[in-house]
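Pasting work-v4.cif here (mmCIF, C-alpha atoms):
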data_model
loop_
_atom_site.group_PDB
_atom_site.id
_atom_site.type_symbol
_atom_site.label_atom_id
_atom_site.label_comp_id
_atom_site.auth_asym_id
_atom_site.auth_seq_id
_atom_site.Cartn_x
_atom_site.Cartn_y
_atom_site.Cartn_z
ATOM 1 C CA MET F 782 0.000 0.000 0.000
ATOM 2 C CA ILE F 783 1.207 3.495 -0.805
ATOM 3 C CA SER F 784 0.144 4.639 2.649
ATOM 4 C CA THR F 785 2.878 2.410 4.117
ATOM 5 C CA MET F 786 5.358 3.865 1.650
ATOM 6 C CA ILE F 787 4.731 7.372 2.930
ATOM 7 C CA ALA F 788 6.602 6.899 6.172
ATOM 8 C CA GLU F 789 9.654 5.640 4.318
ATOM 9 C CA HIS F 790 10.060 8.791 2.248
ATOM 10 C CA ASN F 791 12.116 11.802 3.223
ATOM 11 C CA TYR F 792 9.842 14.821 3.106
ATOM 12 C CA ASN F 793 12.542 17.390 3.772
ATOM 13 C CA THR F 794 12.918 19.632 0.755
ATOM 14 C CA VAL F 795 16.476 20.192 -0.379
ATOM 15 C CA HIS F 796 17.058 23.795 -1.407
ATOM 16 C CA TYR F 797 19.694 24.426 -4.043
ATOM 17 C CA GLY F 798 20.935 27.916 -3.278
ATOM 18 C CA GLY F 799 18.257 29.410 -1.018
ATOM 19 C CA LYS F 800 14.744 29.607 -2.470
ATOM 20 C CA MET F 801 12.855 26.440 -3.243
ATOM 21 C CA LYS F 802 13.570 25.668 -6.899
ATOM 22 C CA ILE F 803 10.510 24.544 -8.810
ATOM 23 C CA LEU F 804 10.206 23.351 -12.394
ATOM 24 C CA VAL F 805 6.790 23.426 -14.070
ATOM 25 C CA LEU F 806 6.426 21.352 -17.228
ATOM 26 C CA GLY F 807 3.800 23.229 -19.199
ATOM 27 C CA GLY F 808 2.558 26.256 -17.296
ATOM 28 C CA THR F 809 1.383 28.450 -20.173
ATOM 29 C CA ARG F 810 -2.339 27.735 -20.285
ATOM 30 C CA PHE F 811 -5.372 26.890 -18.160
ATOM 31 C CA VAL F 812 -4.502 25.243 -14.802
ATOM 32 C CA GLY F 813 -0.793 25.724 -15.447
ATOM 33 C CA ILE F 814 -1.143 29.517 -15.491
ATOM 34 C CA HIS F 815 -2.954 29.526 -12.141
ATOM 35 C CA LEU F 816 -0.322 27.167 -10.728
ATOM 36 C CA VAL F 817 2.597 29.356 -11.764
ATOM 37 C CA ASN F 818 0.910 32.555 -10.574
ATOM 38 C CA GLU F 819 0.281 31.025 -7.153
ATOM 39 C CA LEU F 820 3.831 29.679 -6.912
ATOM 40 C CA LEU F 821 5.157 33.148 -7.701
ATOM 41 C CA LYS F 822 3.132 34.585 -4.817
ATOM 42 C CA LYS F 823 5.092 32.234 -2.561
ATOM 43 C CA SER F 824 8.402 33.685 -3.813
ATOM 44 C CA TYR F 825 9.772 30.408 -5.145
ATOM 45 C CA ASP F 826 12.439 30.208 -7.850
ATOM 46 C CA ILE F 827 10.300 29.166 -10.837
ATOM 47 C CA THR F 828 11.330 27.709 -14.175
ATOM 48 C CA ILE F 829 8.761 26.788 -16.810
ATOM 49 C CA ALA F 830 9.663 24.282 -19.511
ATOM 50 C CA ASN F 831 7.644 23.599 -22.633
ATOM 51 C CA ARG F 832 7.812 23.608 -26.426
ATOM 52 C CA GLY F 833 7.870 27.399 -26.501
ATOM 53 C CA THR F 834 4.860 27.626 -28.817
ATOM 54 C CA THR F 835 2.571 29.447 -26.368
ATOM 55 C CA LYS F 836 3.535 32.851 -25.009
ATOM 56 C CA ASP F 837 3.169 33.569 -21.321
ATOM 57 C CA GLU F 838 2.741 36.783 -19.347
ATOM 58 C CA PHE F 839 5.047 36.008 -16.437
ATOM 59 C CA GLY F 840 7.721 38.419 -17.665
ATOM 60 C CA HIS F 841 11.040 38.369 -15.838
ATOM 61 C CA GLU F 842 9.538 36.541 -12.843
ATOM 62 C CA VAL F 843 10.236 33.082 -14.279
ATOM 63 C CA LYS F 844 13.045 31.339 -16.107
ATOM 64 C CA ARG F 845 12.177 29.557 -19.343
ATOM 65 C CA ILE F 846 13.396 26.397 -21.040
ATOM 66 C CA VAL F 847 12.288 25.288 -24.492
ATOM 67 C CA PHE F 848 12.458 21.516 -24.838
ATOM 68 C CA ASP F 849 10.662 18.380 -25.980
ATOM 69 C CA ARG F 850 8.953 16.745 -22.993
ATOM 70 C CA TYR F 851 8.847 13.374 -24.738
ATOM 71 C CA ASP F 852 12.453 13.182 -25.975
ATOM 72 C CA SER F 853 15.183 11.852 -23.664
ATOM 73 C CA LYS F 854 18.023 13.755 -25.379
ATOM 74 C CA SER F 855 16.139 17.029 -25.126
ATOM 75 C CA ILE F 856 15.487 16.401 -21.431
ATOM 76 C CA LYS F 857 19.145 15.549 -20.763
ATOM 77 C CA ASP F 858 20.417 18.556 -22.722
ATOM 78 C CA LYS F 859 17.984 21.171 -21.434
ATOM 79 C CA LEU F 860 16.991 20.139 -17.904
ATOM 80 C CA THR F 861 20.450 20.072 -16.417
ATOM 81 C CA ASP F 862 19.659 21.739 -13.098
ATOM 82 C CA GLN F 863 18.425 20.065 -9.916
ATOM 83 C CA TYR F 864 14.988 20.979 -8.600
ATOM 84 C CA ASP F 865 13.236 20.663 -5.277
ATOM 85 C CA VAL F 866 9.888 20.100 -6.960
ATOM 86 C CA ILE F 867 8.825 19.209 -10.487
ATOM 87 C CA TYR F 868 5.218 19.749 -11.547
ATOM 88 C CA ASP F 869 4.385 17.651 -14.587
ATOM 89 C CA THR F 870 1.213 18.846 -16.295
ATOM 90 C CA LEU F 871 2.153 17.128 -19.552
ATOM 91 C CA ALA F 872 2.541 13.427 -18.673
ATOM 92 C CA TYR F 873 -0.110 11.056 -19.953
ATOM 93 C CA ALA F 874 1.314 7.547 -20.190
ATOM 94 C CA SER F 875 3.930 5.371 -18.498
ATOM 95 C CA ASN F 876 6.562 6.084 -21.165
ATOM 96 C CA ASP F 877 6.148 9.808 -20.457
ATOM 97 C CA VAL F 878 7.053 9.179 -16.826
ATOM 98 C CA LYS F 879 9.984 6.960 -17.767
ATOM 99 C CA VAL F 880 11.598 9.353 -20.229
ATOM 100 C CA LEU F 881 11.500 12.143 -17.652
ATOM 101 C CA LEU F 882 12.460 10.389 -14.425
ATOM 102 C CA ASP F 883 15.237 8.414 -16.099
ATOM 103 C CA ASN F 884 16.898 11.672 -17.078
ATOM 104 C CA ILE F 885 16.319 14.210 -14.312
ATOM 105 C CA LYS F 886 16.596 14.353 -10.530
ATOM 106 C CA CYS F 887 14.204 15.997 -8.120
ATOM 107 C CA ASN F 888 13.170 15.667 -4.502
ATOM 108 C CA LYS F 889 9.438 15.782 -5.192
ATOM 109 C CA TYR F 890 7.530 14.947 -8.372
ATOM 110 C CA ILE F 891 3.913 16.084 -8.704
ATOM 111 C CA MET F 892 2.062 14.658 -11.693
ATOM 112 C CA VAL F 893 -1.333 15.806 -12.899
ATOM 113 C CA SER F 894 -3.391 12.626 -13.142
ATOM 114 C CA SER F 895 -7.167 12.261 -13.413
ATOM 115 C CA ALA F 896 -10.263 10.974 -11.652
ATOM 116 C CA ALA F 897 -10.680 8.892 -14.809
ATOM 117 C CA VAL F 898 -8.427 6.280 -13.170
ATOM 118 C CA TYR F 899 -11.423 5.250 -11.016
ATOM 119 C CA GLU F 900 -14.102 2.753 -11.925
ATOM 120 C CA ASP F 901 -16.283 3.681 -8.945
ATOM 121 C CA TYR F 902 -18.391 6.827 -9.068
ATOM 122 C CA ILE F 903 -19.643 7.924 -5.636
ATOM 123 C CA ASN F 904 -17.507 9.281 -2.750
ATOM 124 C CA VAL F 905 -14.436 7.713 -4.297
ATOM 125 C CA SER F 906 -11.362 7.587 -2.041
ATOM 126 C CA GLU F 907 -7.774 7.306 -3.250
ATOM 127 C CA ASP F 908 -7.503 3.602 -2.384
ATOM 128 C CA LYS F 909 -10.120 2.713 -5.015
ATOM 129 C CA PHE F 910 -7.252 2.628 -7.489
ATOM 130 C CA GLN F 911 -3.946 1.364 -6.129
ATOM 131 C CA PRO F 912 -1.263 1.765 -8.806
ATOM 132 C CA GLU F 913 1.288 -0.238 -6.804
ATOM 133 C CA LYS F 914 -0.928 -3.305 -7.407
ATOM 134 C CA ASN F 915 -1.720 -2.595 -11.052
ATOM 135 C CA LYS F 916 0.042 -4.490 -13.846
ATOM 136 C CA LEU F 917 2.584 -2.158 -15.439
ATOM 137 C CA ILE F 918 2.473 -1.724 -19.210
ATOM 138 C CA TRP F 919 4.924 0.617 -20.902
ATOM 139 C CA CYS F 920 2.765 2.605 -23.297
ATOM 140 C CA ASN F 921 2.328 5.885 -25.141
ATOM 141 C CA ARG F 922 -0.536 8.341 -25.257
ATOM 142 C CA GLY F 923 -2.331 6.838 -28.255
ATOM 143 C CA ASP F 924 -2.015 3.199 -27.245
ATOM 144 C CA TYR F 925 -5.065 2.922 -24.974
ATOM 145 C CA SER F 926 -7.982 4.916 -23.620
ATOM 146 C CA TYR F 927 -7.336 8.061 -21.605
ATOM 147 C CA SER F 928 -8.259 6.344 -18.341
ATOM 148 C CA LYS F 929 -5.943 3.409 -18.987
ATOM 149 C CA ILE F 930 -2.896 5.472 -19.936
ATOM 150 C CA LYS F 931 -3.337 7.647 -16.838
ATOM 151 C CA ARG F 932 -3.471 4.475 -14.723
ATOM 152 C CA GLN F 933 -0.277 3.296 -16.380
ATOM 153 C CA ALA F 934 1.468 6.624 -15.750
ATOM 154 C CA GLU F 935 0.689 6.306 -12.044
ATOM 155 C CA THR F 936 1.665 2.650 -12.039
ATOM 156 C CA ALA F 937 5.078 3.482 -13.474
ATOM 157 C CA ILE F 938 5.681 6.144 -10.828
ATOM 158 C CA TYR F 939 4.867 4.017 -7.795
ATOM 159 C CA GLN F 940 6.381 0.757 -9.043
ATOM 160 C CA GLU F 941 9.496 1.865 -10.914
ATOM 161 C CA TYR F 942 10.338 5.176 -9.214
ATOM 162 C CA SER F 943 9.358 4.535 -5.606
ATOM 163 C CA SER F 944 12.473 6.381 -4.403
ATOM 164 C CA VAL F 945 10.958 9.634 -5.676
ATOM 165 C CA ASN F 946 8.587 11.542 -3.385
ATOM 166 C CA ALA F 947 5.665 11.493 -5.817
ATOM 167 C CA ILE F 948 2.148 12.876 -5.669
ATOM 168 C CA THR F 949 -0.363 12.037 -8.377
ATOM 169 C CA VAL F 950 -3.247 14.495 -8.308
ATOM 170 C CA ARG F 951 -6.563 13.064 -9.447
ATOM 171 C CA TYR F 952 -9.209 15.596 -10.367
ATOM 172 C CA PRO F 953 -12.424 15.642 -12.419
ATOM 173 C CA PHE F 954 -13.482 18.012 -15.219
ATOM 174 C CA VAL F 955 -11.689 21.344 -14.980
ATOM 175 C CA VAL F 956 -13.702 24.402 -15.997
ATOM 176 C CA GLY F 957 -13.156 28.140 -15.994
ATOM 177 C CA ASN F 958 -13.392 31.202 -18.177
ATOM 178 C CA ASP F 959 -9.996 30.193 -19.547
ATOM 179 C CA ASP F 960 -11.082 26.661 -20.530
ATOM 180 C CA TYR F 961 -9.663 26.062 -24.009
ATOM 181 C CA THR F 962 -11.785 22.904 -24.411
ATOM 182 C CA ASN F 963 -14.988 25.011 -24.467
ATOM 183 C CA ARG F 964 -17.033 22.117 -23.118
ATOM 184 C CA LEU F 965 -19.463 24.218 -21.108
ATOM 185 C CA LYS F 966 -19.605 26.643 -24.018
ATOM 186 C CA PHE F 967 -20.921 23.770 -26.160
ATOM 187 C CA TYR F 968 -24.216 23.739 -24.246
ATOM 188 C CA VAL F 969 -24.567 27.523 -24.288
ATOM 189 C CA GLU F 970 -23.931 27.772 -28.025
ATOM 190 C CA HIS F 971 -26.251 24.921 -28.924
ATOM 191 C CA ILE F 972 -29.119 26.253 -26.845
ATOM 192 C CA ILE F 973 -28.774 29.847 -28.053
ATOM 193 C CA ASN F 974 -28.441 28.798 -31.703
ATOM 194 C CA GLY F 975 -31.164 26.143 -31.601
ATOM 195 C CA LEU F 976 -28.810 23.298 -32.471
ATOM 196 C CA PRO F 977 -29.896 19.772 -31.459
ATOM 197 C CA MET F 978 -27.792 17.900 -28.903
ATOM 198 C CA TYR F 979 -27.495 14.240 -28.008
ATOM 199 C CA ILE F 980 -26.872 13.818 -24.277
ATOM 200 C CA ASP F 981 -26.764 10.369 -22.681
ATOM 201 C CA ASN F 982 -26.292 11.365 -19.036
ATOM 202 C CA LEU F 983 -28.699 14.248 -18.617
ATOM 203 C CA ASN F 984 -29.574 13.596 -14.977
ATOM 204 C CA ASP F 985 -26.291 12.114 -13.728
ATOM 205 C CA GLN F 986 -24.511 14.128 -11.055
ATOM 206 C CA LEU F 987 -21.004 15.161 -12.153
ATOM 207 C CA CYS F 988 -18.189 16.723 -10.171
ATOM 208 C CA PHE F 989 -16.015 19.587 -11.378
ATOM 209 C CA ILE F 990 -13.101 21.709 -10.260
ATOM 210 C CA SER F 991 -12.467 25.341 -11.157
ATOM 211 C CA SER F 992 -9.184 26.022 -12.928
ATOM 212 C CA ASN F 993 -8.089 28.684 -10.455
ATOM 213 C CA GLU F 994 -8.818 26.584 -7.340
ATOM 214 C CA CYS F 995 -7.065 23.629 -8.946
ATOM 215 C CA GLY F 996 -3.937 25.652 -9.732
ATOM 216 C CA ASN F 997 -3.896 27.210 -6.274
ATOM 217 C CA ALA F 998 -4.246 23.821 -4.563
ATOM 218 C CA LEU F 999 -1.475 22.339 -6.711
ATOM 219 C CA ALA F 1000 0.820 25.139 -5.577
ATOM 220 C CA GLU F 1001 0.110 24.244 -1.945
ATOM 221 C CA LEU F 1002 1.558 20.761 -2.507
ATOM 222 C CA ALA F 1003 5.096 22.108 -2.962
ATOM 223 C CA SER F 1004 5.442 22.464 0.792
ATOM 224 C CA LYS F 1005 3.159 19.647 1.971
ATOM 225 C CA ASN F 1006 4.475 16.447 3.581
ATOM 226 C CA TYR F 1007 2.549 13.977 1.476
ATOM 227 C CA VAL F 1008 3.323 11.124 -0.877
ATOM 228 C CA GLY F 1009 0.834 9.172 -2.958
ATOM 229 C CA PRO F 1010 -2.383 9.712 -4.918
ATOM 230 C CA LEU F 1011 -4.511 12.684 -3.894
ATOM 231 C CA ASN F 1012 -8.050 13.687 -4.876
ATOM 232 C CA PHE F 1013 -8.841 17.276 -5.821
ATOM 233 C CA SER F 1014 -12.393 18.472 -6.497
ATOM 234 C CA ASN F 1015 -14.849 21.178 -5.671
ATOM 235 C CA SER F 1016 -17.391 19.839 -3.221
ATOM 236 C CA GLY F 1017 -20.899 19.059 -4.387
ATOM 237 C CA ALA F 1018 -22.016 17.947 -7.825
ATOM 238 C CA ILE F 1019 -24.338 19.127 -10.565
ATOM 239 C CA SER F 1020 -26.127 17.506 -13.498
ATOM 240 C CA ILE F 1021 -26.049 18.528 -17.136
ATOM 241 C CA LYS F 1022 -29.820 18.952 -16.879
ATOM 242 C CA GLU F 1023 -29.373 21.590 -14.157
ATOM 243 C CA ILE F 1024 -26.788 23.376 -16.283
ATOM 244 C CA ILE F 1025 -29.090 23.346 -19.292
ATOM 245 C CA ASN F 1026 -32.076 24.500 -17.244
ATOM 246 C CA TYR F 1027 -30.057 27.467 -16.020
ATOM 247 C CA ILE F 1028 -28.984 28.411 -19.555
ATOM 248 C CA GLU F 1029 -32.599 28.167 -20.722
ATOM 249 C CA ARG F 1030 -33.808 30.474 -17.956
ATOM 250 C CA LYS F 1031 -31.062 33.026 -18.592
ATOM 251 C CA THR F 1032 -31.438 33.104 -22.381
ATOM 252 C CA GLY F 1033 -35.141 32.416 -22.883
ATOM 253 C CA LYS F 1034 -34.170 29.660 -25.332
ATOM 254 C CA ILE F 1035 -35.169 26.002 -25.172
ATOM 255 C CA ALA F 1036 -32.671 23.176 -25.594
ATOM 256 C CA GLU F 1037 -33.273 20.813 -28.493
ATOM 257 C CA TYR F 1038 -32.469 17.120 -28.098
ATOM 258 C CA ALA F 1039 -32.079 14.543 -30.836
ATOM 259 C CA LYS F 1040 -30.411 11.145 -31.148
ATOM 260 C CA ASN F 1041 -28.589 12.385 -34.231
ATOM 261 C CA GLY F 1042 -27.683 15.698 -32.594
ATOM 262 C CA ASP F 1043 -24.172 16.779 -31.678
ATOM 263 C CA ALA F 1044 -22.855 14.616 -28.842
ATOM 264 C CA GLY F 1045 -22.440 16.426 -25.542
ATOM 265 C CA PRO F 1046 -18.799 16.767 -24.450
ATOM 266 C CA TYR F 1047 -19.597 15.326 -21.013
ATOM 267 C CA ASN F 1048 -21.431 12.285 -22.344
ATOM 268 C CA GLY F 1049 -20.628 9.016 -20.581
ATOM 269 C CA LYS F 1050 -20.428 7.782 -17.025
ATOM 270 C CA TYR F 1051 -18.183 9.798 -14.754
ATOM 271 C CA VAL F 1052 -17.280 10.201 -11.101
ATOM 272 C CA SER F 1053 -20.020 12.057 -9.258
ATOM 273 C CA SER F 1054 -18.124 12.681 -6.017
ATOM 274 C CA LEU F 1055 -14.584 12.336 -4.745
ATOM 275 C CA ASN F 1056 -13.660 11.778 -1.117
ATOM 276 C CA LEU F 1057 -11.557 14.764 -0.027
ATOM 277 C CA SER F 1058 -10.555 13.592 3.452
ATOM 278 C CA GLU F 1059 -6.843 13.438 2.551
ATOM 279 C CA CYS F 1060 -6.958 17.011 1.260
ATOM 280 C CA ASN F 1061 -8.738 18.080 4.424
ATOM 281 C CA LYS F 1062 -5.906 16.611 6.502
ATOM 282 C CA LEU F 1063 -3.502 18.785 4.512
ATOM 283 C CA ASN F 1064 -5.694 21.854 5.112
ATOM 284 C CA ILE F 1065 -6.434 22.148 1.405
ATOM 285 C CA ASP F 1066 -10.039 23.244 0.992
ATOM 286 C CA PHE F 1067 -12.318 23.684 -1.999
ATOM 287 C CA SER F 1068 -15.517 25.650 -2.436
ATOM 288 C CA ASP F 1069 -18.851 24.124 -3.429
ATOM 289 C CA VAL F 1070 -19.318 23.924 -7.192
ATOM 290 C CA ARG F 1071 -22.612 25.814 -6.958
ATOM 291 C CA GLU F 1072 -20.872 28.825 -5.486
ATOM 292 C CA TRP F 1073 -19.261 29.688 -8.823
ATOM 293 C CA ILE F 1074 -20.493 27.580 -11.743
ATOM 294 C CA PHE F 1075 -23.585 29.702 -12.418
ATOM 295 C CA ASN F 1076 -21.481 32.867 -12.498
ATOM 296 C CA LEU F 1077 -19.199 31.110 -14.959
ATOM 297 C CA LEU F 1078 -22.204 30.207 -17.114
ATOM 298 C CA ASP F 1079 -23.253 33.871 -17.041
ATOM 299 C CA GLU F 1080 -19.847 34.850 -18.410
ATOM 300 C CA ILE F 1081 -20.057 32.249 -21.169
ATOM 301 C CA ILE F 1082 -23.606 33.292 -22.094
ATOM 302 C CA GLU F 1083 -22.541 36.929 -22.318
ATOM 303 C CA GLU F 1084 -19.620 35.932 -24.556
ATOM 304 C CA VAL F 1085 -21.801 33.871 -26.918
ATOM 305 C CA ILE F 1086 -24.611 36.401 -27.153
#
Can the structure from this file be put into structure tokens for me?
Amino acid sequence: MISTMIAEHNYNTVHYGGKMKILVLGGTRFVGIHLVNELLKKSYDITIANRGTTKDEFGHEVKRIVFDRYDSKSIKDKLTDQYDVIYDTLAYASNDVKVLLDNIKCNKYIMVSSAAVYEDYINVSEDKFQPEKNKLIWCNRGDYSYSKIKRQAETAIYQEYSSVNAITVRYPFVVGNDDYTNRLKFYVEHIINGLPMYIDNLNDQLCFISSNECGNALAELASKNYVGPLNFSNSGAISIKEIINYIERKTGKIAEYAKNGDAGPYNGKYVSSLNLSECNKLNIDFSDVREWIFNLLDEIIEEVI
């Protein structure tokens, strides 16, 4: 069990030259931007590493490395420093973990995983998927389903790199006014424009996390004494039907449903609630989803109209 591994790890962060040195792989969009901004508030020494294709607005406050996250030579050549903490927002599969951790050293490795690793749906605790017991398969992003490759990424970490203080953060759908996937916007646009939708989980309760709360909570982990999987989520849940009803009331439009309509981006069976007791022990708190999701929908409606 990973919980027994925790006591064997050294939590003490090694500082290379004063400030805690943190490397963020990614960091130029969505959750990554919130993460970096929150880390900067804590006065850490921040380096962001990515392909260099997306500009950021961090100015002189961060160092930058342009590299290929999935190429071992690029990692060896470009990531030559030692870091207290590495945040990996780009890893998907077990080979992604291998190519990085074979070629760089760090005291703590925090990987963005997903609640998709779970097969249970209600009040799911971290032990519902135990990567140390899962069969390891070395794979790439396109080899299997999203849920399976995320399981394999975690499996590689806890089976092959158990000497690394690793945290794998499992969270549900991330939404915000900076959401490049535009999944909530799908419902707003279809309702306003009278476009038919096919939705197969209209009344299922789904859990979400706001991009800013997710980034802020990730930043808290840099200084937390924790090793292992960790659930993140806003508390509470909401159905697609409730979201659609709200859009209808605000716009005066009626949603159109059809079996041959455009498939809803949240179609399928998903986790409806995550157990946050481990986060609570770390004094990491999240708001209720209903405290902000309707305001977010208002912003999206205003944008579409």
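Across the model, the gap from CA of Ile885 in chain F to CA of Lys929 in chain F is 25.2 Å.
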Open item on the list: Please enumerate the residues selected by the PyMOL selection byres ((chain F and resi 979) around 8) when evaluated against the supplied file, formatted as a ChimeraX atom specification.
Closed with: /F:977-978,980-981,1038-1045
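Here CA of Asp865 in chain F is placed at a distance of 6.1 Å from CA of Met801 in chain F.
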Open item on the list: Between F:Leu806, F:Ile814, F:Ile903, F:Leu965, which residue has the minimum interatomic distance to Gly833 in chain F, considering all atoms listed in the file?
Closed with: F:Leu806
TODO: Could you check which of F:Pro1046, F:Gly957, F:Pro1010, F:Gly975 is closest to Val1070 in chain F, using all atoms listed in the file?
DONE: F:Gly957
TODO: Rank F:Ser1014, F:Ser944, F:Ser906, F:Glu1001 by their smallest atom-to-atom distance to Tyr825 in chain F, using all atoms listed in the file, and report the top residue only.
DONE: F:Glu1001
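The smallest atom-to-atom distance between Arg922 in chain F and any of F:Tyr968, F:Tyr939, F:Tyr873, F:Tyr961, using all atoms listed in the file, is found for F:Tyr873.
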TODO: Any chance you could resolve the PyMOL selection byres ((chain F and resi 835-845) around 9) against this file and give the residues as JSON, numbers by chain?
DONE: {"F": [808, 809, 810, 814, 817, 818, 821, 826, 827, 828, 829, 830, 831, 832, 833, 834, 846, 847]}
Those same residues, written as a PDB file, keeping the file's coordinate frame with C-alpha atoms?
ATOM      1  CA  GLY F 808       2.558  26.256 -17.296  1.00  0.00           C
ATOM      2  CA  THR F 809       1.383  28.450 -20.173  1.00  0.00           C
ATOM      3  CA  ARG F 810      -2.339  27.735 -20.285  1.00  0.00           C
ATOM      4  CA  ILE F 814      -1.143  29.517 -15.491  1.00  0.00           C
ATOM      5  CA  VAL F 817       2.597  29.356 -11.764  1.00  0.00           C
ATOM      6  CA  ASN F 818       0.910  32.555 -10.574  1.00  0.00           C
ATOM      7  CA  LEU F 821       5.157  33.148  -7.701  1.00  0.00           C
ATOM      8  CA  ASP F 826      12.439  30.208  -7.850  1.00  0.00           C
ATOM      9  CA  ILE F 827      10.300  29.166 -10.837  1.00  0.00           C
ATOM     10  CA  THR F 828      11.330  27.709 -14.175  1.00  0.00           C
ATOM     11  CA  ILE F 829       8.761  26.788 -16.810  1.00  0.00           C
ATOM     12  CA  ALA F 830       9.663  24.282 -19.511  1.00  0.00           C
ATOM     13  CA  ASN F 831       7.644  23.599 -22.633  1.00  0.00           C
ATOM     14  CA  ARG F 832       7.812  23.608 -26.426  1.00  0.00           C
ATOM     15  CA  GLY F 833       7.870  27.399 -26.501  1.00  0.00           C
ATOM     16  CA  THR F 834       4.860  27.626 -28.817  1.00  0.00           C
ATOM     17  CA  ILE F 846      13.396  26.397 -21.040  1.00  0.00           C
ATOM     18  CA  VAL F 847      12.288  25.288 -24.492  1.00  0.00           C
TER      19      VAL F 847
END
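Atom to atom, CA of Leu871 in chain F and CA of Pro912 in chain F stand 19.1 Å apart.
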- [ ] Name the residues in contact with Asn997 in chain F at a cut-off of 9 Å, using all atoms listed in the file, excluding same-chain residues fewer than 4 positions from it; report them as a PyMOL selection string.
- [x] chain F and resi 812+815-820+992-993+1001
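Residues within 9 Å of Asp901 in chain F, counting all atoms listed in the file and excluding same-chain residues fewer than 6 positions away, are Lys909, Tyr1051 and Val1052 of chain F.
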- [ ] Enumerate, as JSON, numbers by chain, the residues matched when the PyMOL selection byres ((chain F and resi 988) around 9) is run on the file above.
- [x] {"F": [953, 954, 986, 987, 989, 990, 1014, 1015, 1016, 1017, 1018, 1019, 1020, 1051, 1052, 1053, 1054, 1055, 1070]}
Task: Protein and nucleic acid residues near (-6.9, 16.9, -7.1) (cut-off 12 Å, only C-alpha atoms) as a VMD selection string - done: chain F and resid 812 891 to 897 906 to 907 948 to 955 988 to 992 994 to 1002 1009 to 1016 1055 to 1061 1065 to 1067
TODO: Find the residues around Ile1086 in chain F up to 12 Å (all atoms listed in the file counted), leave out those fewer than 3 positions away in its own chain, and share them as number ranges by chain.
DONE: F: 966, 969-974, 1028, 1031-1032, 1034, 1079-1083
Open item on the list: Counting all atoms listed in the file, which residues sit no farther than 7 Å from the position (-23.3, 23.5, -13.0) in the file's frame? I'd like them as a ChimeraX atom specification.
Closed with: /F:1019-1020,1023-1024,1071,1074-1075
Dump C-alpha atoms for the selected residues as a tab-separated table (two decimals), keeping the file's coordinate frame?
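File produced: again-v8.tsv:
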chain	number	residue	atom	x	y	z
F	1019	ILE	CA	-24.34	19.13	-10.56
F	1020	SER	CA	-26.13	17.51	-13.50
F	1023	GLU	CA	-29.37	21.59	-14.16
F	1024	ILE	CA	-26.79	23.38	-16.28
F	1071	ARG	CA	-22.61	25.81	-6.96
F	1074	ILE	CA	-20.49	27.58	-11.74
F	1075	PHE	CA	-23.58	29.70	-12.42
- [ ] Kindly indicate which residue among F:Lys914, F:Gly813, F:Asp908, F:Ile1035 lies nearest to Asp869 in chain F, using all atoms listed in the file for the distances.
- [x] F:Gly813
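Comparing the minimum interatomic distances between Asn963 in chain F and each of F:Glu1084, F:Lys823, F:Ala1036, F:Val905, counting all atoms listed in the file, we find that F:Glu1084 sits nearest.
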What would range 843-853 of chain F look like with N, CA and C atoms in place, written as a PDB file, keeping the file's coordinate frame?
ATOM      1  N   VAL F 843       9.915  34.504 -14.131  1.00  0.00           N
ATOM      2  CA  VAL F 843      10.236  33.082 -14.279  1.00  0.00           C
ATOM      3  C   VAL F 843      11.398  32.903 -15.245  1.00  0.00           C
ATOM      4  N   LYS F 844      12.066  31.764 -15.109  1.00  0.00           N
ATOM      5  CA  LYS F 844      13.045  31.339 -16.107  1.00  0.00           C
ATOM      6  C   LYS F 844      12.311  30.440 -17.107  1.00  0.00           C
ATOM      7  N   ARG F 845      12.849  30.333 -18.308  1.00  0.00           N
ATOM      8  CA  ARG F 845      12.177  29.557 -19.343  1.00  0.00           C
ATOM      9  C   ARG F 845      13.144  28.591 -20.020  1.00  0.00           C
ATOM     10  N   ILE F 846      12.639  27.398 -20.295  1.00  0.00           N
ATOM     11  CA  ILE F 846      13.396  26.397 -21.040  1.00  0.00           C
ATOM     12  C   ILE F 846      12.492  25.885 -22.161  1.00  0.00           C
ATOM     13  N   VAL F 847      13.014  25.866 -23.356  1.00  0.00           N
ATOM     14  CA  VAL F 847      12.288  25.288 -24.492  1.00  0.00           C
ATOM     15  C   VAL F 847      12.854  23.898 -24.735  1.00  0.00           C
ATOM     16  N   PHE F 848      11.988  22.896 -24.684  1.00  0.00           N
ATOM     17  CA  PHE F 848      12.458  21.516 -24.838  1.00  0.00           C
ATOM     18  C   PHE F 848      11.319  20.632 -25.309  1.00  0.00           C
ATOM     19  N   ASP F 849      11.651  19.381 -25.583  1.00  0.00           N
ATOM     20  CA  ASP F 849      10.662  18.380 -25.980  1.00  0.00           C
ATOM     21  C   ASP F 849      10.443  17.441 -24.799  1.00  0.00           C
ATOM     22  N   ARG F 850       9.284  17.525 -24.192  1.00  0.00           N
ATOM     23  CA  ARG F 850       8.953  16.745 -22.993  1.00  0.00           C
ATOM     24  C   ARG F 850       9.064  15.243 -23.222  1.00  0.00           C
ATOM     25  N   TYR F 851       8.931  14.804 -24.452  1.00  0.00           N
ATOM     26  CA  TYR F 851       8.847  13.374 -24.738  1.00  0.00           C
ATOM     27  C   TYR F 851      10.128  12.811 -25.363  1.00  0.00           C
ATOM     28  N   ASP F 852      11.197  13.611 -25.356  1.00  0.00           N
ATOM     29  CA  ASP F 852      12.453  13.182 -25.975  1.00  0.00           C
ATOM     30  C   ASP F 852      13.565  13.156 -24.926  1.00  0.00           C
ATOM     31  N   SER F 853      14.194  12.008 -24.727  1.00  0.00           N
ATOM     32  CA  SER F 853      15.183  11.852 -23.664  1.00  0.00           C
ATOM     33  C   SER F 853      16.401  12.747 -23.878  1.00  0.00           C
TER      34      SER F 853
END
